[in-house]
Amino acid sequence: MREFTSEQLDDLAFGAAVLGTGGGGNPYVGTLLARQAIEEHGPITVVDPEEVPDDALVVPAAMMGAPTIMVEKLPAGNEIVVAFKALEEYLGRPITHTVSAEAGGLNSVTPFTLAAQLDLPVVDADLMGRAFPELQMCLPSLSGVSATPMAMADEKGNSVVISTISNRWTERIARSVTIDMGCSSMIALYAMTGAQLKQMSVPRTLLLAEDIGRVAHKTAAEHGDVVAAVQERIGGFRLFQGKIVDIARRTDAGFAKAEAKLEGTGESAGSTLVLEVQNEHLVARLDGEIAASVPDLIIMLDSESGEPITTEEMRYGFRVTVIGAPCDPRWRTPEGLELVGPRYFGYDIDYVPIEKRRAAKQRRAARSRGR
Amino acid sequence: MRIGIDVGGTNTDAVLMDGVRVLAEVKTGTTADVTSGIVAALRGLVEQSGASASDIQAVMIGTTHFTNAVVEAKRLVPTAVVRLGLPATRALPPLVAWPPRLREAIAAHVYLCQGGHEFDGREISPLDRDELLRVAEDMRGRSVRSIAISSVFSPVNASLEEEAAAILGEELPGLPISLSHEIGRIGLLERENATVMNACLRDLAEQIVAAFRSALAELGIEAPVYLSQNDGTLMSVDFAESYPVATFASGPTNSMRGAALLSGLEDCAVVDIGGTTSDVGVLQRGFPREASVSVDIGGVRTNFRMPDVLSLGLGGGSYVRGNKPTIGPDSVGYELPSQALVFGGETLTASDLAVAAGRASFGDPSAVAGLDADLVRRGLADAERMLAETVDRMKTSPDPIPVVVVGGGSILLGDELPGASRLVRPDHFAVANAIGAAIAQVGGEVERVFSLDQLTRDAALDQAKSEATEKAVAAGATASSVRIVDVEDVPLPYIPGNATRIKVKAVGDLELGRFDGA
């Protein structure tokens, strides 16, 4: 058990932006909200998953909707409390813990607003180990745990509880309700026991995000190599170093899609990297060959400052380093890949774990040197 | 004939122009009272050119005065902020994340009220007249001198801000009111911040505008006066009294616009090399490209229409250190005339390298004759590399583009720059900023979210274009000269109805004589 104060928020926000793999919403508003809540209600108690009793009732809290709306129609602050109360009433017993639905972006801190107001402990874990765009893309889906009953609330005090036949239906119906609520809503879903949470979440991702931020800020203060420090901390691989030379953007079926082309510099001179984007970075092609793909993490950092760059911020001329990191192993199972693999997002490619792609590439390079 | 004046932090520059011809140019020090510096510059112009006050048809002024007031948190008036949007937005009230010093300087009173719109035009809650009357009553009991009003999604629908302004205006006659939809774009906190800054500058705006007017009156100039805005267009001096915040960052904009005129180029990169820093920007159709990210002013986050400028610590006064020399980022600054080797000083500066390499001839060249030729070459090559990389960062395509270099420090560069199709160093490069002010045009801008379900993309663009054109004409442009200089449409994900944010900017030549500003 530890105490989380507003001083730790900047580190957490940095790390959450890294784990957001280019998506996950505006971290500025999320951080401001969490800071306000902590300043008003005091520090937050964060507990390790191992400290959660098996019979605890854990409910993840998240924001659903368009990031563009979030910067204009700011929340009232108690939406998430209304959603929790609605779900609690439906379930007929008290919720004992909350947790992040995603480790990346704005939603990594959404539970903090709730935890501060209700004095609930936050479990240091999340349901993705990164950020994904849809509700069903959570680890409990793999174990057949239903996302519903799910409660949703808006700032006006409206709340609904929905029950669905599958988690994909949850996404669909919740999206419609969110639009009626003004394109943003606060949600409480995937109610779980403590025992279930321990099995179906990625543990200690708050600590990881905070740590990434702390290492990055410390390295920056010492004028060190922030990119290398971040890469080392997440256990990732350096895929490419270069400059953005082209970005083609389009909107398709509710996704902000883009294709970014990067020209190599330094160690990557002479090579080209193409990134396929749907809210997040999904596929990286190095000289026509796939170097990494979803569900593995593809992260873009400013080569000089090491700051993570969101897919919306990408611009021609940015000097960036792209790193890749392995996703949680459960996403690599056939069921996991059906939910979040490249084919779900419309890419007709087989998923190969990033470290295997990496090793194969190195073997080929060694062979061609040996010849 | 027109006069262009740039009142900077250090220098006040002025030019007298006939059409696009420069008749006279003056550089003087900026004075504490602003007025006397301008008077001195104007006198200089008259002396140089022999022009008489009656020849002057318009005076255009660019100033950093208002930006400085916010940065220094000085001369700001007590301001009330009214936000319409309850029950939404309560979690982050107005002025959240403002530095306490600035918050105290404006003695802010904050009111959260009902109102606001959803993204699709529905009201979040109806405006409550009684609630606003109570707010007015409360303000009366305090020493509020200026009001800022913001409303959720007011860039899409401004009606509630206007209604609230009418109610408060009736109750509190004479108090200036600033409305957020007239000042910023989507992004409630940033737009509201800019509106509050505008509101707290209203008193100072009146004083400064009066100072400008009296400086001109002193010389008998009766021509209308305009202030340049951050996007390179003009506003009448009356408008400036109400929207002082629109002058923020007009300095770099003017210098880029001046560079465009002097070089005859409309699509190019502009490098403005001063004594301490270099600013690099890009002109598209003769106007600076705008920054898309938030801009911090005095520690407050805003989303102004700001030119997209990258600054780097490289200028004529930059320190040169070591054998494999590093240049900058620090500089001897205003002490260049005494510190540099060529001026008999003891410090090796970037200017010394330029003189040693024969790129410039001032001071005493013999003072740098003994410098190691390799060091000089490497140092200047390094400066070139830094500037070339910055220019490259600002480009939107890999093709080489022309680069115009202005400012006193431009002697650091030779005749070419990697990545540039050519390097242009125009005449009068030292007063490019005042020239930019003098030639500024007037503009109109529209930025709104359109639903392309009910409207084709072309129809939406046409609608936005004609609205922007109307705004430009209303601002003083000759109708026949108005052209569309910027069109941007960004699809918005997760929002139904195929929503797209469309931004259109139109500009035209100022119709001389239509407005009687002075």
# chains A, B, ... in the order shown; residues from 1 in each chain; ligands from 1
$ residues_around --residues "stretch 453-462 of chain B" --least-positions-apart "3" --cutoff "7 Å" --atoms "only C-alpha atoms" --output "ChimeraX atom specification"
/B:450,465-466,497-498
$ write_last_selection --atoms "N, CA and C atoms" --output "JSON list (two decimals), in the first residue's frame"
[["chain", "number", "residue", "atom", "x", "y", "z"],
["B", 450, "PHE", "N", -18.37, 21.20, -39.01],
["B", 450, "PHE", "CA", -19.48, 20.97, -39.92],
["B", 450, "PHE", "C", -19.83, 19.48, -39.91],
["B", 465, "LYS", "N", -15.91, 29.66, -46.81],
["B", 465, "LYS", "CA", -15.15, 30.66, -47.58],
["B", 465, "LYS", "C", -15.92, 31.96, -47.71],
["B", 466, "SER", "N", -17.23, 31.86, -47.98],
["B", 466, "SER", "CA", -17.96, 33.11, -48.17],
["B", 466, "SER", "C", -18.12, 33.85, -46.84],
["B", 497, "GLY", "N", -22.09, 11.74, -37.51],
["B", 497, "GLY", "CA", -22.47, 12.76, -38.46],
["B", 497, "GLY", "C", -21.31, 13.21, -39.33],
["B", 498, "ASN", "N", -20.20, 12.38, -39.38],
["B", 498, "ASN", "CA", -19.10, 12.72, -40.26],
["B", 498, "ASN", "C", -18.59, 14.13, -40.00]]
$ select_by_dssp --residues "stretch 19-157 of chain A" --states "alpha helix (DSSP H)" --output "PyMOL selection string"
chain A and resi 19+27-41+67-70+79-91+110-118+139-142
$ interface_residues --of "chain A" --to "chain B" --cutoff "6 Å" --atoms "only C-alpha atoms" --output "PyMOL selection string"
chain A and resi 66+71-77+155-156+182+254-256+316-317
$ write_last_selection --atoms "C-alpha atoms" --output "PDB file, in the first residue's frame"
ATOM      1  CA  ALA A  66     -14.059  11.640 -28.310  1.00  0.00           C
ATOM      2  CA  VAL A  71     -11.073  19.509 -24.224  1.00  0.00           C
ATOM      3  CA  GLU A  72     -14.260  21.562 -24.647  1.00  0.00           C
ATOM      4  CA  LYS A  73     -17.007  20.059 -22.495  1.00  0.00           C
ATOM      5  CA  LEU A  74     -15.002  19.462 -19.342  1.00  0.00           C
ATOM      6  CA  PRO A  75     -16.476  17.060 -16.798  1.00  0.00           C
ATOM      7  CA  ALA A  76     -18.494  18.118 -13.775  1.00  0.00           C
ATOM      8  CA  GLY A  77     -16.314  15.792 -11.728  1.00  0.00           C
ATOM      9  CA  GLU A 155     -22.613  15.482 -16.156  1.00  0.00           C
ATOM     10  CA  LYS A 156     -26.346  16.164 -15.980  1.00  0.00           C
ATOM     11  CA  GLY A 182     -22.852  14.588 -25.645  1.00  0.00           C
ATOM     12  CA  GLY A 254     -14.922   6.250 -36.487  1.00  0.00           C
ATOM     13  CA  PHE A 255     -11.164   5.807 -36.452  1.00  0.00           C
ATOM     14  CA  ALA A 256      -8.649   8.545 -37.083  1.00  0.00           C
ATOM     15  CA  TYR A 316       6.402  16.558 -41.014  1.00  0.00           C
ATOM     16  CA  GLY A 317       9.954  17.165 -39.918  1.00  0.00           C
TER      17      GLY A 317
END
$ residues_around --residues "B:Pro126" --least-positions-apart "4" --cutoff "9 Å" --atoms "only C-alpha atoms" --output "JSON, numbers by chain"
{"B": [114, 115, 116, 160]}
$ write_last_selection --atoms "N, CA and C atoms" --output "mmCIF file, in the first residue's frame"
data_model
loop_
_atom_site.group_PDB
_atom_site.id
_atom_site.type_symbol
_atom_site.label_atom_id
_atom_site.label_comp_id
_atom_site.auth_asym_id
_atom_site.auth_seq_id
_atom_site.Cartn_x
_atom_site.Cartn_y
_atom_site.Cartn_z
ATOM 1 N N GLN B 114 -25.197 28.394 -15.560
ATOM 2 C CA GLN B 114 -25.843 27.487 -16.500
ATOM 3 C C GLN B 114 -25.658 27.984 -17.920
ATOM 4 N N GLY B 115 -25.778 27.045 -18.874
ATOM 5 C CA GLY B 115 -25.650 27.409 -20.280
ATOM 6 C C GLY B 115 -24.774 26.412 -20.999
ATOM 7 N N GLY B 116 -24.197 26.824 -22.128
ATOM 8 C CA GLY B 116 -23.313 25.958 -22.887
ATOM 9 C C GLY B 116 -24.052 25.076 -23.873
ATOM 10 N N LEU B 160 -25.321 31.968 -26.652
ATOM 11 C CA LEU B 160 -25.450 32.113 -25.200
ATOM 12 C C LEU B 160 -24.471 33.142 -24.641
#
$ select_by_dssp --residues "stretch 264-361 of chain A" --states "strand (DSSP E)" --output "ChimeraX atom specification"
/A:264,272-278,280-286,289-293,297-302,319-325
$ residues_around --residues "A:Ala292" --least-positions-apart "6" --cutoff "6 Å" --atoms "only C-alpha atoms" --output "ChimeraX atom specification"
/A:283-284,354
$ closest_residue --among "B:Val355, B:Val403, B:Ala107, B:Ala41" --to "B:Leu371" --atoms "only C-alpha atoms"
B:Val355
$ residues_around --residues "stretch 138-152 of chain A" --least-positions-apart "5" --cutoff "9 Å" --atoms "only C-alpha atoms" --output "PyMOL selection string"
chain A and resi 79-80+82-87+90-91+101-102+126-128+132+158-167+170+174+177-178+185-192+196-197+199-202+330-331+335-336+339
$ closest_residue --among "B:Val59, B:Val26, B:Leu112, B:Val320" --to "B:Leu45" --atoms "only C-alpha atoms"
B:Val26
$ residues_around --residues "A:Pro27" --least-positions-apart "4" --cutoff "8 Å" --atoms "only C-alpha atoms" --output "VMD selection string"
chain A and resid 13 17 31 105 to 106
$ write_last_selection --atoms "C-alpha atoms" --output "mmCIF file, in the first residue's frame"
data_model
loop_
_atom_site.group_PDB
_atom_site.id
_atom_site.type_symbol
_atom_site.label_atom_id
_atom_site.label_comp_id
_atom_site.auth_asym_id
_atom_site.auth_seq_id
_atom_site.Cartn_x
_atom_site.Cartn_y
_atom_site.Cartn_z
ATOM 1 C CA ALA A 13 1.363 11.299 -17.131
ATOM 2 C CA ALA A 17 1.619 8.761 -22.701
ATOM 3 C CA THR A 31 -3.788 15.204 -15.199
ATOM 4 C CA GLY A 105 -3.326 7.918 -21.960
ATOM 5 C CA LEU A 106 -6.075 9.798 -20.158
#
$ residues_around --residues "stretch 338-353 of chain B" --least-positions-apart "2" --cutoff "10 Å" --atoms "only C-alpha atoms" --output "MDAnalysis selection string"
chainID B and resid 275 314:321 326:328 331:336 355:369 371 373 375:380 383 409:412
$ write_last_selection --atoms "N, CA and C atoms" --output "tab-separated table (two decimals), in the first residue's frame"
chain	number	residue	atom	x	y	z
B	275	GLY	N	20.55	39.27	-32.50
B	275	GLY	CA	21.80	39.26	-31.77
B	275	GLY	C	21.96	38.03	-30.90
B	314	LEU	N	21.07	31.20	-31.45
B	314	LEU	CA	22.14	31.50	-32.38
B	314	LEU	C	21.92	32.90	-32.94
B	315	GLY	N	22.90	33.78	-32.75
B	315	GLY	CA	22.77	35.13	-33.27
B	315	GLY	C	24.15	35.75	-33.47
B	316	GLY	N	24.16	36.99	-33.91
B	316	GLY	CA	25.42	37.67	-34.18
B	316	GLY	C	26.29	37.78	-32.94
B	317	GLY	N	25.66	37.83	-31.77
B	317	GLY	CA	26.42	38.00	-30.53
B	317	GLY	C	26.72	36.69	-29.81
B	318	SER	N	26.40	35.56	-30.41
B	318	SER	CA	26.60	34.27	-29.74
B	318	SER	C	28.07	34.03	-29.41
B	319	TYR	N	28.31	33.50	-28.22
B	319	TYR	CA	29.66	33.13	-27.81
B	319	TYR	C	30.17	31.98	-28.67
B	320	VAL	N	31.46	32.04	-29.03
B	320	VAL	CA	32.11	30.93	-29.75
B	320	VAL	C	33.15	30.35	-28.81
B	321	ARG	N	33.04	29.05	-28.52
B	321	ARG	CA	33.94	28.45	-27.53
B	321	ARG	C	34.59	27.18	-28.05
B	326	THR	N	31.84	25.48	-30.42
B	326	THR	CA	30.40	25.47	-30.25
B	326	THR	C	29.95	26.92	-30.26
B	327	ILE	N	28.78	27.17	-30.85
B	327	ILE	CA	28.25	28.53	-30.95
B	327	ILE	C	26.98	28.64	-30.12
B	328	GLY	N	26.92	29.67	-29.25
B	328	GLY	CA	25.73	29.87	-28.42
B	328	GLY	C	25.59	28.75	-27.40
B	331	SER	N	24.70	34.61	-25.43
B	331	SER	CA	25.14	35.68	-26.31
B	331	SER	C	25.59	36.87	-25.48
B	332	VAL	N	26.46	37.69	-26.06
B	332	VAL	CA	26.84	38.92	-25.37
B	332	VAL	C	25.72	39.96	-25.47
B	333	GLY	N	24.73	39.67	-26.33
B	333	GLY	CA	23.53	40.51	-26.41
B	333	GLY	C	23.82	41.93	-26.82
B	334	TYR	N	23.25	42.88	-26.06
B	334	TYR	CA	23.37	44.29	-26.44
B	334	TYR	C	24.79	44.81	-26.27
B	335	GLU	N	25.67	44.00	-25.64
B	335	GLU	CA	27.06	44.44	-25.46
B	335	GLU	C	27.96	44.10	-26.64
B	336	LEU	N	27.35	43.58	-27.72
B	336	LEU	CA	28.13	43.22	-28.90
B	336	LEU	C	29.06	44.35	-29.35
B	355	VAL	N	33.17	38.12	-39.93
B	355	VAL	CA	34.12	39.13	-40.45
B	355	VAL	C	35.40	38.43	-40.91
B	356	ALA	N	35.89	37.47	-40.10
B	356	ALA	CA	37.12	36.77	-40.45
B	356	ALA	C	36.98	36.02	-41.77
B	357	ALA	N	35.76	35.52	-42.04
B	357	ALA	CA	35.53	34.76	-43.26
B	357	ALA	C	35.20	35.67	-44.44
B	358	GLY	N	35.15	36.98	-44.20
B	358	GLY	CA	34.86	37.93	-45.27
B	358	GLY	C	33.38	38.02	-45.62
B	359	ARG	N	32.52	37.48	-44.75
B	359	ARG	CA	31.08	37.55	-45.03
B	359	ARG	C	30.51	38.90	-44.64
B	360	ALA	N	31.24	39.63	-43.80
B	360	ALA	CA	30.79	40.95	-43.39
B	360	ALA	C	32.03	41.81	-43.20
B	361	SER	N	31.86	43.10	-43.32
B	361	SER	CA	33.00	43.96	-43.05
B	361	SER	C	32.53	45.10	-42.16
B	362	PHE	N	32.74	44.91	-40.87
B	362	PHE	CA	32.52	46.00	-39.93
B	362	PHE	C	33.52	45.88	-38.81
B	363	GLY	N	33.65	46.91	-38.02
B	363	GLY	CA	34.64	46.90	-36.94
B	363	GLY	C	36.04	46.88	-37.55
B	364	ASP	N	36.94	46.21	-36.84
B	364	ASP	CA	38.33	46.18	-37.26
B	364	ASP	C	38.70	44.76	-37.69
B	365	PRO	N	38.70	44.49	-39.01
B	365	PRO	CA	38.97	43.13	-39.50
B	365	PRO	C	40.33	42.60	-39.04
B	366	SER	N	41.28	43.50	-38.81
B	366	SER	CA	42.62	43.03	-38.43
B	366	SER	C	42.59	42.34	-37.06
B	367	ALA	N	41.58	42.67	-36.25
B	367	ALA	CA	41.48	42.06	-34.92
B	367	ALA	C	41.19	40.57	-35.00
B	368	VAL	N	40.68	40.11	-36.15
B	368	VAL	CA	40.36	38.68	-36.28
B	368	VAL	C	41.22	38.01	-37.34
B	369	ALA	N	42.19	38.76	-37.88
B	369	ALA	CA	43.02	38.22	-38.95
B	369	ALA	C	43.81	37.00	-38.49
B	371	LEU	N	42.89	34.66	-36.47
B	371	LEU	CA	42.09	33.49	-36.09
B	371	LEU	C	42.42	32.31	-36.98
B	373	ALA	N	42.04	29.60	-39.48
B	373	ALA	CA	41.10	29.53	-40.59
B	373	ALA	C	40.17	28.33	-40.45
B	375	LEU	N	39.15	26.95	-37.65
B	375	LEU	CA	38.18	27.23	-36.60
B	375	LEU	C	37.03	28.08	-37.16
B	376	VAL	N	37.40	29.09	-37.95
B	376	VAL	CA	36.41	29.98	-38.54
B	376	VAL	C	35.48	29.18	-39.45
B	377	ARG	N	36.08	28.34	-40.28
B	377	ARG	CA	35.31	27.55	-41.24
B	377	ARG	C	34.35	26.60	-40.50
B	378	ARG	N	34.93	25.90	-39.50
B	378	ARG	CA	34.11	24.93	-38.77
B	378	ARG	C	32.98	25.60	-38.00
B	379	GLY	N	33.30	26.76	-37.41
B	379	GLY	CA	32.30	27.48	-36.64
B	379	GLY	C	31.12	27.92	-37.49
B	380	LEU	N	31.43	28.52	-38.63
B	380	LEU	CA	30.36	28.99	-39.51
B	380	LEU	C	29.58	27.82	-40.10
B	383	ALA	N	27.10	26.82	-37.53
B	383	ALA	CA	25.96	27.73	-37.50
B	383	ALA	C	25.01	27.42	-38.66
B	409	GLY	N	21.79	39.75	-37.74
B	409	GLY	CA	22.74	38.64	-37.65
B	409	GLY	C	22.83	37.82	-38.92
B	410	SER	N	22.14	38.23	-39.97
B	410	SER	CA	22.10	37.40	-41.18
B	410	SER	C	23.45	37.30	-41.88
B	411	ILE	N	24.41	38.13	-41.46
B	411	ILE	CA	25.76	38.04	-42.03
B	411	ILE	C	26.45	36.72	-41.71
B	412	LEU	N	25.90	35.97	-40.76
B	412	LEU	CA	26.51	34.68	-40.41
B	412	LEU	C	26.44	33.70	-41.56
$ atom_distance --atom1 "atom CA of A:Thr110" --atom2 "atom CA of A:Ala325"
24.4 Å
$ atom_distance --atom1 "atom CA of A:Cys183" --atom2 "atom CA of A:Thr21"
23.0 Å
